[in-house]
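> For reference, the structure I am asking about is given below.
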Amino acid sequence: MILAVETSCDDTCAAVVGLDGVIHANVISSQTVHDRFGGVVPEIASRQHLEQITPVIDAALTQAEVGLDKITRVAATRGPGLVAALLVGFSAAKGLAAGRELPFTGVDHLHGHLAASFLNGFDPPFLCLIASGGHTLLARVTRPEGPAEILGQTLDDAAGEAFDKGARLLGLGYPGGAALSRLAADGDPAAFRFPVGARMGGLDFSFAGLKTALLYKTRELGAEETARRRADLAAAYEAAIVEALMIRLRRAVQTTGATRIALGGGVAANGPLRAAVAALGLEHDVPVPALCTDNAAMIAAAALHLPAQPYPTYLGLDVYATGERPLAAPA
Amino acid sequence: MTVGSATGVLALDTSTALTVAALWDAARGVDAEVAVDPPAGGRPLHAQALLEAAVATLAEGGGSWEQVGRIAVGIGPGTFTGLRIGIAAAQGLARALGRPLVPVSSLASLAASATAAEAGAGRFVLAVIDARRGEIFVGGDGLVPSVLAPEDLAERARDRLAVGDGAVRFRAALEAAGAVVPADDSVLHRVSARMHCRLALNAPPVAPERVLPCYVRLPDAEVAR
Ligand SMILES: [Zn+2]
């Protein structure tokens, strides 16, 4: 069995996954401490990770009903992410592997998201749309071991970030993306028109203009009218995010001839997005929410297809902040 | 107290720019320390060098983790990211080996090394770790770890032997406050994982998840509120 750890942002995660891909435990400890700051504070996230990492690993082993003696391999996220946060999980995982002289695999976080669908038995080739608070990208996955081909990425905000920023403009607090979606269910998506970047060619995403459009619309309406029409504003705003994602996804399907689609990231839980993907009529996979948001089972899933470095060759590995490494390339 | 026949104490410290590990096993006559300095003008090598240094010390005792009966880790105060790398790795090792984990104050260890070396001619020791931003973490004989500007040391420094990377960096301010600072290249300024081993031998272990950095400082975001 493989023990995997993920601490790239504000979730402390550990999972135990069989070499056959069966998930025995997938523990996620989400930090809520950042809400009052209106965003993730790296130093606070890192402090929390250190307080949580050993209890979370122990919880995963307990849930899986296995001792460390049953673990034959360790994996951890190397990047991209918040360096100080990554270092907590990565160092703990390396220490755990070293003490038992186990093989170790450093995993790219985005490769993890792409690999979440493998756990559902949904194997490449497929097109994958990852949309979350941290990333928005479209990739063509041809082989489970990678590297995946990145077709498009966001040029500014991530899709989940756009949800949260819109929620804040509508007075829904932070993080308010989910609250915005709930509110949108009672609104008319056609009540307002927000930009979806249809004239922007290619497969890259941009959400900064959308957020600005909502800001101007609320100013134009005034506080009272904005409050009265909050549900319509939320519905139209959500529809614009979904359409912006779908425009690129449809283009990618067209240009690549792909017939299978996987969704990932926290935004994959969004109802209208799932409905729009289903309406394409293609074979598709949306992992359960615990596999869409940041988690360690997906890191294990990616590691299962990557080479494991034998002890002690991995002891000198470090983490990395940004996508300076080719996506899904073995460490 | 050690576990079974494993009489060795493995210690790690990443509170300063130094990455250091030591293995002390009096019963087997092992007293190994491996320290890795950052490259000239470069960043500390905590993440890359720590476990390699630990394994290198093991090699001197026969190369096996079996000889490790307990693990000690420096909890600072010092560089936040460095401390977390060391403590997370130590928690992982302690879990992996099923051995007790002992937190050691890096400041107390610095002070203990200076006292043991009898370098201060009977002076009390002021342990000083560079806290960046023009400040220092200070501790040592009878002092609670705190963070302050070197100019604010006043009476706390008078006639003390000041050691640590902060004492080197702020030599002028410390000497002005009446402290005695050994030469810049003195070994007394370096955190010694060997001393951690000694301090940890009879200290009570703490559950691994409860071994956390001595931050002293709040996160900036909390301070700004
Ligand atoms: Zn993610």
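In the structure tokens, chains take letters A, B, ... by order of appearance, with residues numbered from 1 within each chain and ligands from 1 in the order shown.
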I'd like the neighbourhood of stretch 141-154 of chain B as a PDB file with N, CA and C atoms, in the first residue's frame, where a residue qualifies if any of its atoms comes within 8 Å (using only C-alpha atoms), though same-chain residues fewer than 6 positions away should be ignored.

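File written: around.pdb
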ATOM      1  N   PRO B  77      13.976  29.183  19.174  1.00  0.00           N
ATOM      2  CA  PRO B  77      13.407  29.898  18.020  1.00  0.00           C
ATOM      3  C   PRO B  77      14.427  30.081  16.898  1.00  0.00           C
ATOM      4  N   LEU B 107      18.131  27.675  21.628  1.00  0.00           N
ATOM      5  CA  LEU B 107      18.814  28.702  22.422  1.00  0.00           C
ATOM      6  C   LEU B 107      19.462  28.079  23.663  1.00  0.00           C
ATOM      7  N   ALA B 108      18.703  27.196  24.340  1.00  0.00           N
ATOM      8  CA  ALA B 108      19.249  26.550  25.544  1.00  0.00           C
ATOM      9  C   ALA B 108      20.449  25.695  25.178  1.00  0.00           C
ATOM     10  N   ALA B 111      23.483  27.865  24.615  1.00  0.00           N
ATOM     11  CA  ALA B 111      23.995  28.319  25.914  1.00  0.00           C
ATOM     12  C   ALA B 111      24.726  27.185  26.620  1.00  0.00           C
ATOM     13  N   PHE B 124      27.599  34.267  32.845  1.00  0.00           N
ATOM     14  CA  PHE B 124      26.349  33.723  32.332  1.00  0.00           C
ATOM     15  C   PHE B 124      26.386  33.857  30.815  1.00  0.00           C
ATOM     16  N   VAL B 125      25.592  33.005  30.149  1.00  0.00           N
ATOM     17  CA  VAL B 125      25.595  33.011  28.685  1.00  0.00           C
ATOM     18  C   VAL B 125      24.324  33.675  28.162  1.00  0.00           C
ATOM     19  N   LEU B 126      24.505  34.433  27.114  1.00  0.00           N
ATOM     20  CA  LEU B 126      23.363  34.985  26.382  1.00  0.00           C
ATOM     21  C   LEU B 126      23.385  34.322  25.007  1.00  0.00           C
ATOM     22  N   ALA B 131      17.085  36.855  14.209  1.00  0.00           N
ATOM     23  CA  ALA B 131      15.650  36.742  13.937  1.00  0.00           C
ATOM     24  C   ALA B 131      15.275  37.490  12.661  1.00  0.00           C
ATOM     25  N   GLY B 134      16.412  42.842  11.506  1.00  0.00           N
ATOM     26  CA  GLY B 134      17.124  43.652  12.473  1.00  0.00           C
ATOM     27  C   GLY B 134      16.872  43.262  13.907  1.00  0.00           C
ATOM     28  N   GLU B 135      16.281  42.087  14.129  1.00  0.00           N
ATOM     29  CA  GLU B 135      15.987  41.660  15.501  1.00  0.00           C
ATOM     30  C   GLU B 135      16.708  40.358  15.837  1.00  0.00           C
ATOM     31  N   PHE B 170      25.284  40.973  15.213  1.00  0.00           N
ATOM     32  CA  PHE B 170      25.048  42.225  15.941  1.00  0.00           C
ATOM     33  C   PHE B 170      26.110  42.451  17.019  1.00  0.00           C
ATOM     34  N   ALA B 173      26.377  46.005  18.645  1.00  0.00           N
ATOM     35  CA  ALA B 173      25.324  46.371  19.595  1.00  0.00           C
ATOM     36  C   ALA B 173      25.482  45.593  20.895  1.00  0.00           C
ATOM     37  N   LEU B 174      25.866  44.298  20.767  1.00  0.00           N
ATOM     38  CA  LEU B 174      26.013  43.467  21.960  1.00  0.00           C
ATOM     39  C   LEU B 174      27.184  43.935  22.816  1.00  0.00           C
ATOM     40  N   ALA B 177      26.407  46.884  24.690  1.00  0.00           N
ATOM     41  CA  ALA B 177      25.552  46.607  25.856  1.00  0.00           C
ATOM     42  C   ALA B 177      26.319  45.892  26.964  1.00  0.00           C
ATOM     43  N   VAL B 216       7.923  32.311  19.052  1.00  0.00           N
ATOM     44  CA  VAL B 216       8.092  33.598  19.740  1.00  0.00           C
ATOM     45  C   VAL B 216       7.311  34.722  19.042  1.00  0.00           C
ATOM     46  N   ARG B 217       7.482  34.816  17.727  1.00  0.00           N
ATOM     47  CA  ARG B 217       6.779  35.861  16.970  1.00  0.00           C
ATOM     48  C   ARG B 217       5.443  35.341  16.445  1.00  0.00           C
TER      49      ARG B 217
END
> DSSP on the backbone: which residues in stretch 43-160 of chain B end up as alpha helix (DSSP H)? Give the answer as a PyMOL selection string.
chain B and resi 46-60+80-97+106-116
> Set the distance at 10 Å and use only C-alpha atoms: which residues neighbour B:Arg99 once local chain neighbours fewer than 5 positions away are removed? I'd like the list as a list in words.
Thr2, Val3, Ala6, Val68, Gly69, Arg70, Ile71, Gln91, Leu93, Ala94, Pro205 and Pro208 of chain B
> Compute the set of protein, DNA and RNA residues whose minimum atom distance to ligand 1 is at most 10 Å, using only C-alpha atoms and all ligand atoms, and state it as a PyMOL selection string.
chain A and resi 6-11+80-81+109-113+130-136+264-266+292-295
> Excluding stretch 28-39 of chain B and any residue of its chain fewer than 5 positions from it, enumerate the residues within 6 Å of it, using only C-alpha atoms, and give them as a list in words.
Leu18, Thr19, Val20, Ala21, Ala22, Leu23, Pro44, Leu45, Ala53, Thr57 and Gly61 of chain B
